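To be precise, the following lines are final.txt, and they hold compact mmCIF, C-alpha atoms and all ligand atoms.
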# COMPACT_ATOMS: atom_id res chain seq x y z
CA MET J 13 5.35 -111.74 32.39
CA VAL J 14 8.22 -109.82 33.87
CA SER J 15 10.92 -111.89 35.52
CA ASP J 16 14.70 -112.22 35.55
CA PRO J 17 17.26 -114.88 34.58
CA GLY J 18 17.94 -115.82 38.22
CA ILE J 19 14.27 -116.62 38.86
CA ILE J 20 14.10 -118.66 35.65
CA ALA J 21 17.28 -120.58 36.59
CA ALA J 22 15.71 -121.36 39.98
CA GLY J 23 12.77 -122.94 38.13
CA TRP J 24 10.02 -120.70 39.48
CA LEU J 25 8.75 -119.38 36.17
CA GLU J 26 8.47 -122.93 34.85
CA GLN J 27 6.35 -123.80 37.88
CA MET J 28 4.02 -120.87 37.29
CA LEU J 29 3.35 -121.43 33.58
CA PRO J 30 0.98 -124.44 33.96
CA PHE J 31 -1.34 -122.31 36.10
CA VAL J 32 -1.44 -119.65 33.40
CA GLU J 33 -1.93 -122.21 30.62
CA GLN J 34 -4.70 -123.88 32.60
CA GLU J 35 -6.67 -120.65 32.23
CA ASN J 36 -6.01 -120.59 28.46
CA LEU J 37 -4.06 -117.37 28.80
CA GLN J 38 -1.47 -116.54 26.17
CA TYR J 39 1.72 -115.05 27.49
CA ALA J 40 5.04 -113.54 26.53
CA ILE J 41 8.07 -113.54 28.86
CA TRP J 42 10.30 -110.48 29.23
CA THR J 43 13.46 -110.70 31.33
CA GLY J 44 15.34 -107.54 30.38
CA VAL J 45 15.39 -106.12 33.91
CA THR J 46 18.42 -105.65 36.19
CA PRO J 47 18.62 -104.76 39.92
CA ASN J 48 17.73 -101.07 40.42
CA PRO J 49 15.52 -101.09 37.26
CA LYS J 50 16.49 -98.46 34.70
CA ASP J 51 14.40 -96.09 32.59
CA HIS J 52 15.64 -97.65 29.31
CA GLU J 53 14.70 -101.13 30.56
CA VAL J 54 11.16 -99.92 31.25
CA GLU J 55 11.04 -98.46 27.73
CA ALA J 56 12.29 -101.71 26.19
CA GLY J 57 9.77 -103.68 28.24
CA THR J 58 6.97 -101.38 27.08
CA ALA J 59 7.97 -101.86 23.42
CA PHE J 60 7.91 -105.64 24.00
CA TYR J 61 4.49 -105.33 25.70
CA HIS J 62 3.08 -103.54 22.64
CA THR J 63 4.66 -105.80 19.99
CA GLN J 64 3.38 -108.88 21.84
CA ARG J 65 -0.08 -107.25 22.10
CA CYS J 66 -0.22 -107.75 25.86
CA ASP J 67 -3.10 -106.53 28.01
CA SER J 68 -1.98 -107.30 31.55
CA LEU J 69 1.18 -107.92 33.60
CA ILE J 70 2.46 -110.63 35.93
CA ALA J 71 5.65 -109.81 37.83
CA LEU J 72 7.53 -112.78 39.29
CA GLY J 73 10.65 -111.67 41.11
CA GLY J 74 12.07 -109.22 43.60
CA GLY J 75 11.34 -105.51 43.91
CA SER J 76 13.21 -104.79 40.69
CA CYS J 77 10.95 -107.04 38.59
CA ILE J 78 7.83 -105.70 40.27
CA ASP J 79 8.87 -102.06 39.88
CA ALA J 80 9.83 -102.65 36.23
CA ALA J 81 6.39 -104.17 35.61
CA LYS J 82 4.79 -101.14 37.25
CA GLY J 83 6.82 -98.86 34.96
CA ILE J 84 5.73 -100.84 31.89
CA ALA J 85 2.12 -100.62 33.09
CA VAL J 86 2.41 -96.83 33.34
CA LEU J 87 3.94 -96.31 29.89
CA SER J 88 1.66 -98.88 28.21
CA THR J 89 -1.47 -96.79 28.80
CA ASN J 90 -0.11 -93.31 29.56
CA GLY J 91 2.73 -93.02 27.01
CA GLY J 92 5.64 -90.58 27.23
CA HIS J 93 8.81 -91.07 29.32
CA ILE J 94 8.83 -92.66 32.76
CA ARG J 95 10.35 -89.40 34.06
CA ASP J 96 7.01 -87.68 33.33
CA TYR J 97 5.43 -89.64 36.19
CA GLU J 98 8.00 -88.96 38.92
CA GLY J 99 6.32 -87.69 42.09
CA ILE J 100 2.84 -87.96 43.52
CA ASP J 101 -0.30 -88.72 41.48
CA LYS J 102 1.07 -87.92 38.02
CA ILE J 103 -0.50 -91.01 36.42
CA ILE J 104 -3.73 -90.04 34.65
CA ARG J 105 -5.01 -93.10 32.73
CA PRO J 106 -5.87 -96.43 34.38
CA LEU J 107 -3.19 -99.14 34.30
CA PRO J 108 -3.60 -102.68 32.95
CA PRO J 109 -4.29 -105.43 35.52
CA MET J 110 -1.18 -106.38 37.51
CA VAL J 111 -0.32 -109.53 39.50
CA ALA J 112 2.80 -109.45 41.69
CA VAL J 113 4.53 -112.54 43.06
CA PRO J 114 7.47 -111.45 45.26
CA THR J 115 10.48 -113.75 45.59
CA THR J 116 12.79 -111.84 47.93
CA GLY J 117 10.94 -111.40 51.24
CA GLY J 118 11.74 -107.76 51.61
CA THR J 119 10.49 -105.52 48.87
CA GLY J 120 6.88 -104.75 49.78
CA ALA J 121 6.48 -103.51 46.17
CA ASP J 122 3.81 -106.18 45.68
CA VAL J 123 1.41 -104.20 47.89
CA SER J 124 2.79 -100.67 47.74
CA GLN J 125 1.77 -97.58 45.80
CA PHE J 126 5.43 -96.88 44.97
CA ALA J 127 7.66 -97.65 42.02
CA VAL J 128 11.33 -96.68 42.09
CA ILE J 129 13.07 -96.40 38.72
CA THR J 130 16.61 -95.16 37.98
CA ASP J 131 16.91 -92.15 35.69
CA THR J 132 20.17 -93.11 33.97
CA ALA J 133 20.74 -89.64 32.49
CA ARG J 134 20.55 -87.89 35.88
CA ARG J 135 21.90 -90.94 37.80
CA ILE J 136 19.18 -90.59 40.42
CA LYS J 137 16.34 -92.80 41.55
CA MET J 138 12.88 -91.49 40.77
CA THR J 139 9.98 -92.38 43.04
CA LEU J 140 6.55 -92.68 41.44
CA ILE J 141 3.65 -92.62 43.91
CA SER J 142 0.07 -93.43 42.93
CA LYS J 143 -2.71 -95.67 44.21
CA SER J 144 -2.93 -97.08 40.67
CA LEU J 145 0.55 -98.62 41.15
CA ILE J 146 -0.77 -101.09 43.75
CA PRO J 147 -0.95 -104.50 42.02
CA ASP J 148 -4.47 -105.94 41.77
CA ILE J 149 -3.32 -109.30 43.13
CA SER J 150 -0.30 -110.04 45.33
CA ILE J 151 0.67 -113.64 46.02
CA THR J 152 2.87 -114.27 49.06
CA ASP J 153 4.39 -117.75 49.04
CA PRO J 154 7.31 -118.47 51.39
CA LEU J 155 8.44 -121.39 49.21
CA LEU J 156 9.67 -118.81 46.71
CA LEU J 157 12.21 -117.63 49.30
CA THR J 158 14.01 -120.98 49.46
CA THR J 159 16.30 -120.57 46.45
CA LYS J 160 17.98 -117.22 47.07
CA ASP J 161 21.46 -117.10 48.59
CA ALA J 162 22.38 -115.95 52.10
CA TRP J 163 23.57 -112.50 51.00
CA LEU J 164 20.33 -111.72 49.10
CA THR J 165 18.30 -113.04 52.03
CA ALA J 166 20.22 -110.76 54.40
CA SER J 167 20.03 -107.62 52.30
CA THR J 168 16.36 -107.94 51.30
CA GLY J 169 15.46 -108.87 54.89
CA MET J 170 17.14 -105.70 56.14
CA ASP J 171 15.03 -103.80 53.60
CA ALA J 172 11.89 -105.21 55.27
CA LEU J 173 13.18 -104.25 58.73
CA THR J 174 14.04 -100.75 57.48
CA HIS J 175 10.52 -100.41 56.02
CA GLY J 176 9.06 -101.34 59.41
CA ILE J 177 11.24 -98.92 61.39
CA GLU J 178 11.05 -95.98 58.98
CA SER J 179 7.28 -96.25 58.48
CA TYR J 180 6.77 -96.41 62.27
CA VAL J 181 8.61 -93.15 62.95
CA SER J 182 7.30 -91.47 59.76
CA LEU J 183 5.43 -88.18 60.04
CA ALA J 184 2.66 -89.83 57.99
CA ALA J 185 2.23 -92.84 60.32
CA THR J 186 -1.29 -93.54 61.56
CA PHE J 187 -2.80 -95.96 64.06
CA LEU J 188 -3.49 -98.35 61.18
CA THR J 189 0.04 -98.31 59.74
CA GLU J 190 1.65 -98.57 63.20
CA VAL J 191 0.19 -102.03 63.73
CA HIS J 192 1.76 -103.27 60.49
CA SER J 193 5.10 -101.52 61.18
CA LEU J 194 5.57 -103.04 64.63
CA ARG J 195 4.57 -106.52 63.46
CA ALA J 196 6.99 -106.25 60.53
CA ILE J 197 9.81 -105.34 62.94
CA GLU J 198 8.94 -108.14 65.36
CA LEU J 199 8.83 -110.75 62.57
CA ALA J 200 12.04 -109.55 60.89
CA CYS J 201 13.93 -109.71 64.19
CA ALA J 202 12.61 -113.23 64.82
CA GLY J 203 13.06 -114.60 61.30
CA LEU J 204 16.05 -112.98 59.65
CA ARG J 205 18.92 -114.79 61.40
CA PRO J 206 17.47 -118.31 60.86
CA SER J 207 16.37 -117.40 57.32
CA VAL J 208 19.94 -116.36 56.42
CA ALA J 209 21.38 -119.44 58.16
CA SER J 210 19.33 -121.97 56.17
CA ARG J 211 17.62 -122.06 52.79
CA ASP J 212 15.35 -124.84 53.95
CA ASP J 213 14.01 -123.34 57.18
CA LEU J 214 10.44 -122.90 55.93
CA ALA J 215 9.21 -121.48 59.24
CA ALA J 216 11.83 -118.71 58.97
CA LYS J 217 10.92 -118.07 55.30
CA ASP J 218 7.27 -117.82 56.30
CA THR J 219 8.17 -115.32 59.03
CA MET J 220 10.16 -113.17 56.58
CA ALA J 221 7.42 -113.34 53.90
CA ARG J 222 4.93 -112.07 56.47
CA SER J 223 7.33 -109.38 57.70
CA SER J 224 7.79 -108.12 54.15
CA LEU J 225 4.03 -108.05 53.58
CA HIS J 226 3.29 -106.18 56.83
CA ALA J 227 6.10 -103.73 56.09
CA GLY J 228 4.74 -103.12 52.59
CA MET J 229 1.25 -102.44 53.96
CA ALA J 230 2.78 -99.98 56.43
CA PHE J 231 5.08 -98.00 54.17
CA SER J 232 2.70 -97.85 51.22
CA ASN J 233 0.52 -95.63 53.43
CA ALA J 234 2.99 -94.08 55.91
CA VAL J 235 5.90 -93.64 53.46
CA LEU J 236 9.52 -93.94 54.69
CA GLY J 237 12.35 -91.64 55.81
CA ALA J 238 15.94 -90.46 55.45
CA THR J 239 17.46 -93.97 55.25
CA HIS J 240 15.53 -94.66 52.05
CA ALA J 241 16.02 -91.13 50.69
CA MET J 242 19.79 -91.57 51.03
CA ALA J 243 19.94 -95.24 49.98
CA HIS J 244 17.90 -94.51 46.84
CA GLN J 245 20.41 -91.93 45.71
CA VAL J 246 23.50 -94.09 46.25
CA GLY J 247 21.66 -96.83 44.33
CA GLY J 248 20.83 -94.41 41.53
CA MET J 249 24.40 -93.14 41.21
CA LEU J 250 26.36 -96.37 41.73
CA ASP J 251 23.83 -99.15 41.02
CA GLN J 252 24.46 -100.77 44.40
CA PRO J 253 22.03 -103.08 46.25
CA HIS J 254 19.10 -101.33 47.93
CA GLY J 255 18.77 -103.55 50.99
CA GLU J 256 22.45 -103.48 51.89
CA LEU J 257 22.56 -99.68 51.54
CA ASN J 258 19.61 -99.42 53.93
CA ALA J 259 21.35 -101.75 56.37
CA ILE J 260 24.46 -99.54 56.35
CA LEU J 261 22.60 -96.24 56.77
CA LEU J 262 19.76 -97.26 59.12
CA PRO J 263 21.57 -97.10 62.53
CA TYR J 264 23.03 -93.67 61.76
CA VAL J 265 19.63 -92.29 60.74
CA MET J 266 18.08 -93.83 63.88
CA GLU J 267 20.71 -92.06 66.02
CA TYR J 268 19.96 -88.80 64.21
CA ASN J 269 16.18 -89.14 64.66
CA LEU J 270 16.18 -90.50 68.22
CA ALA J 271 16.03 -87.15 70.01
CA VAL J 272 12.79 -86.04 68.31
CA CYS J 273 10.76 -89.22 68.91
CA PRO J 274 12.32 -91.33 71.70
CA GLU J 275 8.93 -92.88 72.57
CA ARG J 276 8.73 -94.27 69.01
CA TYR J 277 12.17 -95.85 69.26
CA ALA J 278 11.34 -97.29 72.68
CA ALA J 279 8.30 -98.99 71.11
CA ILE J 280 10.54 -100.30 68.32
CA ALA J 281 12.91 -101.75 70.95
CA GLY J 282 9.92 -103.51 72.53
CA ALA J 283 8.87 -104.95 69.14
CA MET J 284 12.44 -106.19 68.64
CA GLY J 285 12.08 -108.27 71.79
CA ILE J 286 14.39 -106.15 73.97
CA ASP J 287 13.51 -106.00 77.68
CA ILE J 288 12.97 -102.25 78.11
CA ARG J 289 11.79 -102.35 81.71
CA GLY J 290 13.72 -99.81 83.77
CA LEU J 291 15.16 -98.05 80.72
CA THR J 292 14.41 -94.45 79.78
CA GLN J 293 12.97 -93.97 76.29
CA ILE J 294 16.34 -92.71 75.06
CA GLU J 295 18.13 -95.73 76.56
CA ALA J 296 15.57 -98.06 74.96
CA GLY J 297 16.12 -96.29 71.63
CA HIS J 298 19.87 -96.80 71.92
CA ALA J 299 19.24 -100.47 72.69
CA ALA J 300 17.19 -100.73 69.47
CA ILE J 301 20.02 -99.16 67.49
CA ALA J 302 22.54 -101.57 69.04
CA ALA J 303 20.22 -104.47 68.17
CA VAL J 304 20.05 -103.33 64.52
CA ARG J 305 23.87 -103.22 64.43
CA SER J 306 24.30 -106.70 65.91
CA LEU J 307 21.63 -108.18 63.62
CA THR J 308 23.30 -106.62 60.57
CA SER J 309 26.73 -107.99 61.46
CA ASP J 310 25.35 -111.40 62.50
CA ILE J 311 23.86 -111.87 59.04
CA GLY J 312 27.12 -110.94 57.35
CA LEU J 313 26.47 -107.41 56.13
CA THR J 314 29.68 -105.70 57.21
CA ARG J 315 30.49 -103.44 54.25
CA ARG J 316 30.35 -99.67 54.56
CA LEU J 317 29.53 -97.02 51.96
CA SER J 318 33.20 -96.67 50.95
CA ASP J 319 33.29 -100.43 50.26
CA LEU J 320 30.39 -99.94 47.85
CA GLY J 321 32.22 -97.33 45.80
CA VAL J 322 31.08 -94.13 47.50
CA ASN J 323 33.87 -91.57 47.78
CA GLU J 324 33.89 -88.17 49.46
CA THR J 325 33.60 -86.22 46.20
CA MET J 326 30.17 -87.81 45.60
CA ILE J 327 28.70 -86.85 48.96
CA PRO J 328 27.56 -83.28 48.11
CA THR J 329 25.59 -84.49 45.05
CA LEU J 330 24.24 -87.55 46.87
CA SER J 331 23.08 -85.29 49.72
CA GLU J 332 21.34 -82.81 47.42
CA ASN J 333 19.61 -85.65 45.58
CA ALA J 334 18.52 -87.21 48.89
CA MET J 335 17.01 -83.88 49.99
CA ARG J 336 14.75 -83.99 46.89
CA ASP J 337 13.75 -87.66 47.38
CA ALA J 338 10.05 -88.18 48.20
CA CYS J 339 10.98 -90.24 51.29
CA MET J 340 12.80 -87.31 52.94
CA ALA J 341 9.54 -85.38 53.47
CA THR J 342 8.24 -87.86 56.07
CA ASN J 343 11.46 -88.28 58.08
CA PRO J 344 10.55 -87.34 61.67
CA ARG J 345 13.47 -84.91 62.03
CA SER J 346 13.67 -82.22 59.38
CA ALA J 347 17.21 -82.46 58.01
CA THR J 348 19.37 -79.78 56.41
CA VAL J 349 21.64 -80.71 53.52
CA GLU J 350 24.65 -80.22 55.85
CA GLU J 351 23.20 -82.78 58.26
CA VAL J 352 22.66 -85.27 55.42
CA VAL J 353 26.28 -84.72 54.35
CA ARG J 354 27.38 -85.54 57.91
CA LEU J 355 25.23 -88.68 57.95
CA PHE J 356 26.83 -89.87 54.71
CA TYR J 357 30.29 -89.27 56.18
CA THR J 358 29.51 -91.27 59.32
CA ALA J 359 28.49 -94.29 57.19
CA MET J 360 31.71 -94.21 55.10
FE FE D 401 13.12 -100.39 50.57
Just give me the structure of the file as structure tokens.
Ligand SMILES: [Fe+2]
Amino acid sequence: MVSDPGIIAAGWLEQMLPFVEQENLQYAIWTGVTPNPKDHEVEAGTAFYHTQRCDSLIALGGGSCIDAAKGIAVLSTNGGHIRDYEGIDKIIRPLPPMVAVPTTGGTGADVSQFAVITDTARRIKMTLISKSLIPDISITDPLLLTTKDAWLTASTGMDALTHGIESYVSLAATFLTEVHSLRAIELACAGLRPSVASRDDLAAKDTMARSSLHAGMAFSNAVLGATHAMAHQVGGMLDQPHGELNAILLPYVMEYNLAVCPERYAAIAGAMGIDIRGLTQIEAGHAAIAAVRSLTSDIGLTRRLSDLGVNETMIPTLSENAMRDACMATNPRSATVEEVVRLFYTAM
């Protein structure tokens, strides 16, 4: 079982154990994972997995716990270093059975074919992509969202919204993923404010749990875009929170992309509940961007990249790393490194 101290303190692991014991399953609990899971944590978890003679994985936690469990699954049967599996379809041997129980209402890692692990030597985030990384069972339970604080609710919720928007405008979007993307956007816009306002608003938690699930279904197949490519690399260099980085970068990337797919952004505005009658597609797109900005500030995410430790000397390296990120390939507007540099500057 992969979890973290916060989840244990909230009592969720304790609640899960009777169900496992009921099935006469033996278990070992590993909690050595931090936000933005690191390569050495995955190695330590794999050593624990082997010494405890494990044969399957249950991840109970946010995207970090789930991605760490995926990394352990990869190394447990394929060996080597997690870096060997960066990129698309590098995993050769089958993985052990995996169950994912998400607790943040934003990650989508519980249904996605992605795992994002920090390479601490290169200070970048590596994206592993493989159908074998999709957990065998994903359990979505909105009750699990009732113990996290307002800031975590806001930042992980903005991750779900970013997944919906980026997967919808992705070059790899299809008619099947579009349905999930738009529903994820609609639900996030309806549920995020009340979910941040109250821990006990179960209807809002349910809405956000569904938004996260729809968004995960969408981006697992349609991939993401420049917001994630850039956010990953700030996270890899400075170990800052993924959802909040997305929230900061998203409106600037939307402004950059708007000209190449205004009809997509107009549809996003419609899904957000904006009355787009009488507006041109570009005007509707701008209304969507304004709505993202007001949602972000309403839920208390007001920091900028400079507040999170980014300084101008880092921008060239961050931009080059973002250009190599797997998510950049599906951004609807093909960006040059100079344009990515400019985008980073605007979000400072
Ligand atoms: Fe994300």
For this session: Work out how far CA of Val191 (chain J) is from CA of Pro147 (chain J), in Å to one decimal.
Result: 21.9 Å
Problem set entry | Selection near Glu55 (chain J), 10 Å with all atoms listed in the file, sequence-local residues under 5 positions removed, as a list in words |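 The neighbour list is Lys50, Phe60, Tyr61, Ala80, Gly83, Ile84, Leu87, Ser88, Gly91, Gly92, His93 and Ile94 of chain J.
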Problem set entry | Top pick for closest residue to ligand FE 401 (chain D), considering J:Ser210, J:Thr239, J:Asn233, J:Thr132 and counting all atoms listed in the file | J:Thr239
Exercise. Which residues, written as a ChimeraX atom specification, have at least one atom at most 12 Å from Ala166 (chain J), with all atoms listed in the file counted and residues fewer than 5 positions away on the same chain left out?
Worked result: /J:116-118,157,160-161,171-173,200-201,203-211,217,220,253-259,307-314
Problem set entry | Residue nearest Ser232 (chain J) - candidates J:Ala185, J:Val352, J:Val111, J:Val272, atoms counted: all atoms listed in the file |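 Among the listed residues, J:Ala185 lies closest to Ser232 (chain J).
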For this session: Measuring atom to atom with all atoms listed in the file, identify which of J:Ala121, J:Leu194, J:Val86, J:Ala334 is nearest to Ile104 (chain J).
Result: J:Val86
Seminar exercise, completed: A straight line from CA of Val353 (chain J) to CA of Ile260 (chain J) spans 15.1 Å
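Remark: for Met335 (chain J), the closest of the candidate residues J:Leu188, J:Ile136, J:Ile20, J:Ala279 is J:Ile136 (distances computed over only C-alpha atoms).
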For this session: May I ask which of the residues J:Ala21, J:Ala162, J:Leu156, J:Met242 is the closest one to ligand FE 401 (chain D), counting only C-alpha atoms and all ligand atoms?
Result: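 Residue with the minimum atom-to-atom distance to ligand FE 401 (chain D): J:Met242.
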For this session: Give as a PyMOL selection string the set of residues within 12 Å of the point (14.0, -101.3, 69.5), where distances use the file's coordinates and all atoms listed in the file.
Result: chain J and resi 173+176-177+180-181+194+197-198+201+263+266-267+270+274-288+291+293-305+307
Exercise. Which is closest to Asp251 (chain J) among J:Glu324, J:Asp131, J:Glu35, J:Glu98, if we use all atoms listed in the file?
Worked result: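 Using all atoms listed in the file, Asp251 (chain J) sits closest to J:Asp131.
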For this session: Take CA of Leu145 (chain J) and CA of Ile100 (chain J) and report the distance between them in Å, one decimal.
Result: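 According to the coordinates, CA of Leu145 (chain J) and CA of Ile100 (chain J) are separated by 11.2 Å.
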